[in-house]
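Structure data (compact mmCIF, C-alpha atoms) from run30.txt:
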```
# COMPACT_ATOMS: atom_id res chain seq x y z
CA MET A 1 -28.45 -83.37 -42.10
CA VAL A 2 -28.16 -82.88 -38.34
CA ALA A 3 -24.38 -83.08 -38.64
CA LEU A 4 -24.38 -80.44 -41.35
CA LEU A 5 -26.53 -78.12 -39.24
CA LEU A 6 -24.22 -78.54 -36.25
CA MET A 7 -21.13 -77.80 -38.34
CA GLY A 8 -22.79 -74.68 -39.82
CA GLY A 9 -23.63 -73.38 -36.33
CA VAL A 10 -20.09 -73.81 -35.10
CA LEU A 11 -18.73 -72.03 -38.19
CA THR A 12 -21.15 -69.07 -37.74
CA ALA A 13 -20.29 -68.71 -34.07
CA TRP A 14 -16.55 -68.77 -34.86
CA LEU A 15 -16.84 -66.10 -37.58
CA THR A 16 -18.95 -63.80 -35.39
CA GLY A 17 -16.49 -64.07 -32.55
CA ALA A 18 -13.51 -63.30 -34.78
CA PHE A 19 -14.92 -60.11 -36.30
CA GLY A 20 -16.24 -59.00 -32.95
CA THR A 21 -12.75 -59.20 -31.44
CA ASP A 22 -11.12 -57.31 -34.34
CA LEU A 23 -13.71 -54.50 -34.23
CA ALA A 24 -13.25 -54.10 -30.51
CA GLY A 25 -9.50 -53.98 -31.09
CA ASP A 26 -9.97 -51.24 -33.69
CA ARG A 27 -12.17 -49.19 -31.35
CA ALA A 28 -9.66 -49.65 -28.53
CA ALA A 29 -6.82 -48.63 -30.80
CA ARG A 30 -8.67 -45.45 -31.89
CA ALA A 31 -9.59 -44.66 -28.31
CA THR A 32 -5.97 -45.03 -27.25
CA THR A 33 -4.85 -42.78 -30.10
CA SER A 34 -7.42 -40.16 -29.12
CA ALA A 35 -6.28 -40.36 -25.55
CA ASN A 36 -2.66 -39.85 -26.60
CA ALA A 37 -3.70 -36.95 -28.78
CA GLY A 38 -5.47 -35.48 -25.79
CA VAL A 39 -2.33 -35.73 -23.69
CA ASN A 40 -0.07 -34.03 -26.24
CA PRO A 41 -2.07 -30.80 -26.52
CA GLY A 42 -2.16 -30.72 -22.74
CA GLN A 43 1.61 -30.99 -22.65
CA GLU A 44 1.89 -28.20 -25.21
CA ARG A 45 -0.33 -25.99 -23.09
CA ALA A 46 1.72 -26.85 -20.02
CA ALA A 47 4.98 -25.91 -21.75
CA PRO A 48 4.10 -22.21 -22.25
CA ALA A 49 2.91 -22.11 -18.66
CA THR A 50 6.26 -23.48 -17.58
CA THR A 51 8.00 -20.94 -19.82
CA ARG A 52 6.00 -18.13 -18.30
CA ALA A 53 6.93 -19.38 -14.87
CA GLY A 54 10.54 -19.38 -15.95
CA THR A 55 10.16 -15.84 -17.23
CA GLY A 56 8.74 -14.85 -13.92
CA ALA A 57 11.73 -16.35 -12.22
CA THR A 58 13.97 -14.35 -14.52
CA GLY A 59 12.07 -11.22 -13.59
CA THR A 60 12.65 -12.05 -9.97
CA THR A 61 16.32 -12.47 -10.72
CA GLN A 62 16.36 -8.95 -12.14
CA LEU A 63 15.50 -7.71 -8.68
CA ALA A 64 18.90 -8.87 -7.51
CA PRO A 65 20.60 -5.50 -8.13
CA SER A 66 18.18 -3.88 -5.69
CA THR A 67 18.85 -6.66 -3.20
CA THR A 68 22.55 -6.21 -3.73
CA LYS A 69 22.25 -2.55 -2.84
CA LYS A 70 20.71 -3.33 0.54
CA PRO A 71 24.07 -3.86 2.24
CA ALA A 72 24.91 -0.32 1.18
CA THR A 73 22.00 0.91 3.30
CA THR A 74 23.76 -0.52 6.31
CA GLN A 75 26.20 2.37 5.94
CA ALA A 76 23.76 4.54 7.82
CA PRO A 77 26.24 7.26 8.78
CA THR A 78 27.07 8.16 5.17
CA THR A 79 24.16 7.19 2.92
CA PRO A 80 21.43 9.50 4.32
CA THR A 81 23.80 12.48 4.39
CA THR A 82 24.85 11.90 0.77
CA ALA A 83 21.25 11.45 -0.37
CA ALA A 84 20.10 14.64 1.39
CA ALA A 85 22.94 16.71 -0.09
CA GLN A 86 22.42 15.31 -3.57
CA GLY A 87 18.81 16.45 -3.90
CA GLN A 88 19.38 19.91 -2.47
CA LEU A 89 18.45 22.87 -4.68
CA PRO A 90 20.61 25.99 -4.75
CA GLY A 91 18.93 29.20 -3.70
CA GLY A 92 16.47 30.52 -6.28
CA TRP A 93 16.27 27.23 -8.18
CA ARG A 94 13.04 25.27 -8.60
CA ALA A 95 12.49 21.54 -8.88
CA TYR A 96 11.37 19.98 -12.15
CA THR A 97 10.19 16.36 -12.09
CA ASN A 98 9.92 14.34 -15.29
CA ARG A 99 7.80 11.34 -14.29
CA ALA A 100 8.02 9.70 -17.72
CA GLY A 101 11.81 9.98 -17.60
CA ASN A 102 12.00 8.97 -13.94
CA ASN A 103 14.22 11.85 -12.84
CA ARG A 104 14.15 15.17 -11.01
CA ALA A 105 16.24 18.18 -11.96
CA GLY A 106 16.77 21.74 -10.82
CA VAL A 107 15.88 24.74 -12.97
CA PRO A 108 18.22 27.72 -12.48
CA PRO A 109 16.79 31.26 -12.30
CA GLY A 110 16.11 32.62 -15.77
CA PHE A 111 15.92 29.14 -17.35
CA ARG A 112 12.80 27.42 -18.63
CA ALA A 113 11.97 23.71 -18.68
CA ARG A 114 10.11 21.58 -21.19
CA THR A 115 9.96 17.96 -22.29
CA ARG A 116 10.43 16.12 -25.57
CA PRO A 117 8.94 12.67 -26.30
CA SER A 118 12.23 11.22 -27.59
CA TYR A 119 14.05 9.43 -24.76
CA HIS A 120 11.69 11.10 -22.24
CA ALA A 121 13.92 14.15 -22.56
CA SER A 122 13.87 17.13 -20.22
CA VAL A 123 15.24 20.31 -21.80
CA ILE A 124 16.26 23.07 -19.39
CA GLU A 125 17.40 26.05 -21.41
CA GLU A 126 18.42 29.65 -21.10
CA PRO A 127 16.25 31.60 -23.56
CA ARG A 128 18.51 34.68 -23.67
CA GLY A 129 22.16 35.53 -23.18
CA PRO A 130 24.59 32.61 -23.62
CA ARG A 131 21.63 30.25 -24.30
CA ARG A 132 23.12 27.41 -22.28
CA VAL A 133 21.12 24.17 -22.50
CA PHE A 134 20.87 21.13 -20.24
CA THR A 135 19.23 18.04 -21.75
CA ILE A 136 18.43 14.92 -19.72
CA ARG A 137 17.59 11.78 -21.68
CA SER A 138 16.60 8.50 -20.07
CA GLN A 139 15.65 4.94 -20.95
CA ASN A 140 14.91 1.66 -19.23
CA PRO A 141 16.84 -0.56 -19.24
CA SER A 142 20.06 1.38 -19.32
CA ALA A 143 22.34 1.14 -22.32
CA PRO A 144 25.53 -0.76 -21.46
CA LEU A 145 28.30 1.41 -20.08
CA PRO A 146 30.93 2.37 -20.97
CA GLN A 147 30.24 1.04 -24.48
CA ALA A 148 27.42 3.51 -25.17
CA SER A 149 29.76 6.42 -24.46
CA ARG A 150 32.52 4.91 -26.58
CA ASP A 151 30.09 4.59 -29.49
CA TYR A 152 28.91 8.19 -29.14
CA ARG A 153 32.50 9.41 -28.87
CA ALA A 154 33.35 7.75 -32.17
CA TRP A 155 30.16 9.09 -33.79
CA ALA A 156 30.79 12.67 -32.62
CA ARG A 157 34.34 12.61 -33.96
CA ARG A 158 33.03 11.63 -37.40
CA ASN A 159 29.98 13.88 -37.60
CA PHE A 160 30.63 17.26 -35.93
CA ALA A 161 32.51 19.93 -37.85
CA GLY A 162 35.50 21.37 -36.02
CA PHE A 163 35.47 18.54 -33.48
CA ARG A 164 38.10 18.71 -30.74
CA GLU A 165 38.04 16.33 -27.80
CA ALA A 166 38.57 18.01 -24.43
CA ARG A 167 38.10 15.11 -22.02
CA TYR A 168 37.06 11.48 -21.87
CA ALA A 169 36.94 9.59 -18.55
CA GLU A 170 35.29 6.35 -17.47
CA ASP A 171 34.50 5.11 -13.94
CA GLN A 172 33.57 8.58 -12.74
CA THR A 173 30.98 9.66 -10.16
CA TYR A 174 28.10 11.90 -11.22
CA ALA A 175 25.17 12.95 -9.04
CA GLY A 176 26.35 10.49 -6.42
CA ARG A 177 26.31 7.56 -8.87
CA LYS A 178 29.47 5.64 -9.61
CA GLY A 179 30.40 4.18 -12.99
CA ALA A 180 29.57 7.34 -14.95
CA VAL A 181 31.32 8.21 -18.21
CA VAL A 182 32.18 11.87 -18.87
CA PHE A 183 32.91 12.99 -22.42
CA GLU A 184 33.64 16.63 -23.32
CA TYR A 185 34.36 18.16 -26.69
CA GLU A 186 34.18 21.36 -28.69
CA ALA A 187 32.50 21.52 -32.07
CA ASN A 188 30.54 23.75 -34.42
CA ARG A 189 26.88 23.08 -33.78
CA ASP A 190 23.87 25.07 -34.96
CA GLY A 191 26.04 27.86 -36.27
CA ARG A 192 28.11 28.48 -33.12
CA ARG A 193 31.21 27.15 -31.42
CA VAL A 194 30.16 25.21 -28.33
CA HIS A 195 31.63 23.16 -25.52
CA VAL A 196 29.61 20.00 -24.79
CA ARG A 197 29.70 17.87 -21.66
CA HIS A 198 28.06 14.48 -22.31
CA VAL A 199 27.62 12.33 -19.20
CA ASN A 200 26.19 8.81 -19.18
CA VAL A 201 25.22 7.45 -15.77
CA LYS A 202 23.17 4.49 -14.57
CA GLY A 203 20.50 4.49 -11.88
CA ARG A 204 19.08 1.27 -10.46
CA THR A 205 17.87 0.02 -13.85
CA TRP A 206 17.39 3.24 -15.85
CA GLY A 207 20.13 4.89 -17.85
CA TYR A 208 20.54 8.67 -17.97
CA ASN A 209 22.36 10.99 -20.33
CA VAL A 210 22.96 14.50 -19.01
CA GLU A 211 24.21 16.88 -21.68
CA LEU A 212 25.28 20.49 -21.19
CA ILE A 213 25.88 22.74 -24.21
CA VAL A 214 27.60 26.08 -23.58
CA PRO A 215 29.23 28.60 -25.93
CA ALA A 216 32.91 27.68 -25.92
CA ALA A 217 33.90 31.15 -24.71
CA GLN A 218 31.55 30.77 -21.70
CA TRP A 219 32.70 27.32 -20.57
CA ASP A 220 34.97 28.39 -17.72
CA ALA A 221 32.37 30.85 -16.41
CA SER A 222 29.74 28.08 -16.42
CA GLN A 223 31.53 25.64 -14.10
CA THR A 224 29.62 26.70 -10.98
CA LEU A 225 26.33 26.31 -12.86
CA ALA A 226 27.34 22.82 -14.03
CA ARG A 227 28.25 21.72 -10.49
CA GLN A 228 25.00 23.07 -9.06
CA PHE A 229 22.99 21.26 -11.72
CA GLU A 230 24.73 17.99 -10.93
CA GLN A 231 24.06 18.51 -7.22
CA ALA A 232 20.33 19.07 -7.86
CA PHE A 233 19.89 16.19 -10.31
CA GLN A 234 18.25 13.03 -8.98
CA PRO A 235 17.97 9.82 -11.04
CA LEU A 236 14.87 8.10 -9.66
CA GLY A 237 14.84 4.84 -11.61
```
As structure tokens, how would this structure be written, given the file I've shared?
Amino acid sequence: MVALLLMGGVLTAWLTGAFGTDLAGDRAARATTSANAGVNPGQERAAPATTRAGTGATGTTQLAPSTTKKPATTQAPTTPTTAAAQGQLPGGWRAYTNRAGNNRAGVPPGFRARTRPSYHASVIEEPRGPRRVFTIRSQNPSAPLPQASRDYRAWARRNFAGFREARYAEDQTYAGRKGAVVFEYEANRDGRRVHVRHVNVKGRTWGYNVELIVPAAQWDASQTLARQFEQAFQPLG
């Protein structure tokens, strides 16, 4: 009897110890899994933060063009003189600043200025007489040049009645900015024969399109006006 009791006690103790170890192992396994699950969401949260940091670095890289321009400011004898001349208004003209479009233009006597929401456009027009019209459109970032002008050139050829190309030139200078593209053509627009000068030019990051529409018969007589407008125009972005 005593032997049987002793054997039963040993068996009970052995069984209790075995299940106790397995249950602890199960709890440890679940705890480890939970811990791993806790690490993974943390890594996922860290990844967007790293991506945002990378984006920030990219934004910093975009400042490089401004940094690149700094050596140009070392040309002190020429840069201030050019800048001062470029913003100068002819006598009788008034300044017109389009803050949304990040540019400043001159308004000739007898012209009126207004804005349009599309492309932050400034429209400077002659209400009577030849009804010459300057339109300045802008966007940020700039469209790639000269490709944007090449695309418009092809579009104009297909879509304007009586189209005749007068001039197309890349790598020009307009309003003191290099790399401009000048495209001129004649066409029938809005019931009249007009000569159009379409200039695409890039500022620091903004892109500008300066368009002049003149009755074809008045083109030669409007050259002084066109040069004065270019001299007064200031891309600010």
>> I'd like the neighbourhood of Phe229 of chain A as a list in words, where a residue qualifies if any of its atoms comes within 10 Å (using all atoms listed in the file), though same-chain residues fewer than 6 positions away should be ignored.
In response: Leu89, Pro90, Trp93, Ala105, Gly106, Val107, Pro108, Phe134, Ala175, Val210, Leu212 and Gln223 of chain A
> Which polymer residues have any atom within 7 Å of an atom of segment 143-155 of chain A, counting all atoms listed in the file, with same-chain residues fewer than 3 positions away left out, as a PyMOL selection string?
Replying inline: chain A and resi 158-159+170+181+200+207
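Residue nearest Ala95 of chain A within the list A:Asn140, A:Gln234, A:Gly179, A:Pro130: A:Gln234 [criterion: smallest interatomic distance, all atoms listed in the file].
Between atom CA of Ser222 of chain A and atom CA of Arg116 of chain A lies a distance of 24.5 Å.
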> How far is it from atom CA of Arg192 of chain A to atom CA of Pro215 of chain A, in Å with one decimal?
Replying inline: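 Between atom CA of Arg192 of chain A and atom CA of Pro215 of chain A the gap works out to 7.3 Å.
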>> One number please: atom CA of Pro235 of chain A to atom CA of Asn103 of chain A, in Å, one decimal.
In response: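 Taking atom CA of Pro235 of chain A as the start and atom CA of Asn103 of chain A as the end point, the length is 4.6 Å.
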> Smallest atom-to-atom distance to Ser142 of chain A: which of A:Phe111, A:Tyr96, A:Tyr119, A:Tyr185, using only C-alpha atoms?
Replying inline: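 Closest to Ser142 of chain A of all the choices is A:Tyr119.
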>> Report as number ranges by chain all protein, DNA and RNA residues lying within 8 Å of Tyr168 of chain A, evaluated on all atoms listed in the file, omitting residues in the same chain fewer than 2 positions from it.
In response: A: 165-166, 170, 181-184
> Using all atoms listed in the file, which of A:Ala85, A:Ala232, A:Val201, A:Ala187 sits nearest Arg164 of chain A?
Replying inline: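 Counting all atoms listed in the file, the residue closest to Arg164 of chain A is A:Ala187.
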> Within 6 Å of Asn188 of chain A, counting all atoms listed in the file, which residues qualify if same-chain residues fewer than 2 places away don't, as a ChimeraX atom specification?
Replying inline: /A:161-162,192-193
> So which one's closest to Thr205 of chain A, A:Gly129, A:Ala180, A:Val123, A:Asn102? Using only C-alpha atoms, please.
Replying inline: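 Among the listed residues, the smallest separation from Thr205 of chain A belongs to A:Asn102.
Ranking A:Ile213, A:Ala221, A:Leu236, A:Val194 by their shortest atom-to-atom distance to Ile124 of chain A, with all atoms listed in the file included, puts A:Ile213 first.
With all atoms listed in the file as the atoms that count, the residue of A:Arg99, A:Arg128, A:Lys178, A:Arg94 with the shortest distance to Ala113 of chain A is A:Arg94.
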Reconstruct N, CA and C atoms of segment 183-195 of chain A; output as a PDB file, keeping the file's coordinate frame.
```pdb
ATOM      1  N   PHE A 183      32.299  12.723 -21.121  1.00  0.00           N
ATOM      2  CA  PHE A 183      32.910  12.990 -22.420  1.00  0.00           C
ATOM      3  C   PHE A 183      32.677  14.471 -22.735  1.00  0.00           C
ATOM      4  N   GLU A 184      33.745  15.206 -22.987  1.00  0.00           N
ATOM      5  CA  GLU A 184      33.640  16.630 -23.320  1.00  0.00           C
ATOM      6  C   GLU A 184      34.341  16.904 -24.640  1.00  0.00           C
ATOM      7  N   TYR A 185      33.757  17.796 -25.411  1.00  0.00           N
ATOM      8  CA  TYR A 185      34.360  18.160 -26.690  1.00  0.00           C
ATOM      9  C   TYR A 185      33.878  19.543 -27.106  1.00  0.00           C
ATOM     10  N   GLU A 186      34.613  20.129 -28.026  1.00  0.00           N
ATOM     11  CA  GLU A 186      34.180  21.360 -28.690  1.00  0.00           C
ATOM     12  C   GLU A 186      33.861  21.022 -30.142  1.00  0.00           C
ATOM     13  N   ALA A 187      32.880  21.745 -30.677  1.00  0.00           N
ATOM     14  CA  ALA A 187      32.500  21.520 -32.070  1.00  0.00           C
ATOM     15  C   ALA A 187      31.655  22.694 -32.540  1.00  0.00           C
ATOM     16  N   ASN A 188      31.435  22.749 -33.844  1.00  0.00           N
ATOM     17  CA  ASN A 188      30.540  23.750 -34.420  1.00  0.00           C
ATOM     18  C   ASN A 188      29.158  23.121 -34.555  1.00  0.00           C
ATOM     19  N   ARG A 189      28.235  23.622 -33.766  1.00  0.00           N
ATOM     20  CA  ARG A 189      26.880  23.080 -33.780  1.00  0.00           C
ATOM     21  C   ARG A 189      25.872  24.216 -33.860  1.00  0.00           C
ATOM     22  N   ASP A 190      24.930  24.071 -34.775  1.00  0.00           N
ATOM     23  CA  ASP A 190      23.870  25.070 -34.960  1.00  0.00           C
ATOM     24  C   ASP A 190      24.435  26.479 -35.157  1.00  0.00           C
ATOM     25  N   GLY A 191      25.511  26.563 -35.904  1.00  0.00           N
ATOM     26  CA  GLY A 191      26.040  27.860 -36.270  1.00  0.00           C
ATOM     27  C   GLY A 191      26.869  28.551 -35.202  1.00  0.00           C
ATOM     28  N   ARG A 192      27.263  27.854 -34.146  1.00  0.00           N
ATOM     29  CA  ARG A 192      28.110  28.480 -33.120  1.00  0.00           C
ATOM     30  C   ARG A 192      29.103  27.468 -32.574  1.00  0.00           C
ATOM     31  N   ARG A 193      30.179  28.003 -32.023  1.00  0.00           N
ATOM     32  CA  ARG A 193      31.210  27.150 -31.420  1.00  0.00           C
ATOM     33  C   ARG A 193      30.805  26.866 -29.978  1.00  0.00           C
ATOM     34  N   VAL A 194      30.661  25.573 -29.660  1.00  0.00           N
ATOM     35  CA  VAL A 194      30.160  25.210 -28.330  1.00  0.00           C
ATOM     36  C   VAL A 194      31.091  24.203 -27.664  1.00  0.00           C
ATOM     37  N   HIS A 195      30.990  24.184 -26.338  1.00  0.00           N
ATOM     38  CA  HIS A 195      31.630  23.160 -25.520  1.00  0.00           C
ATOM     39  C   HIS A 195      30.511  22.269 -24.996  1.00  0.00           C
TER      40      HIS A 195
END
```
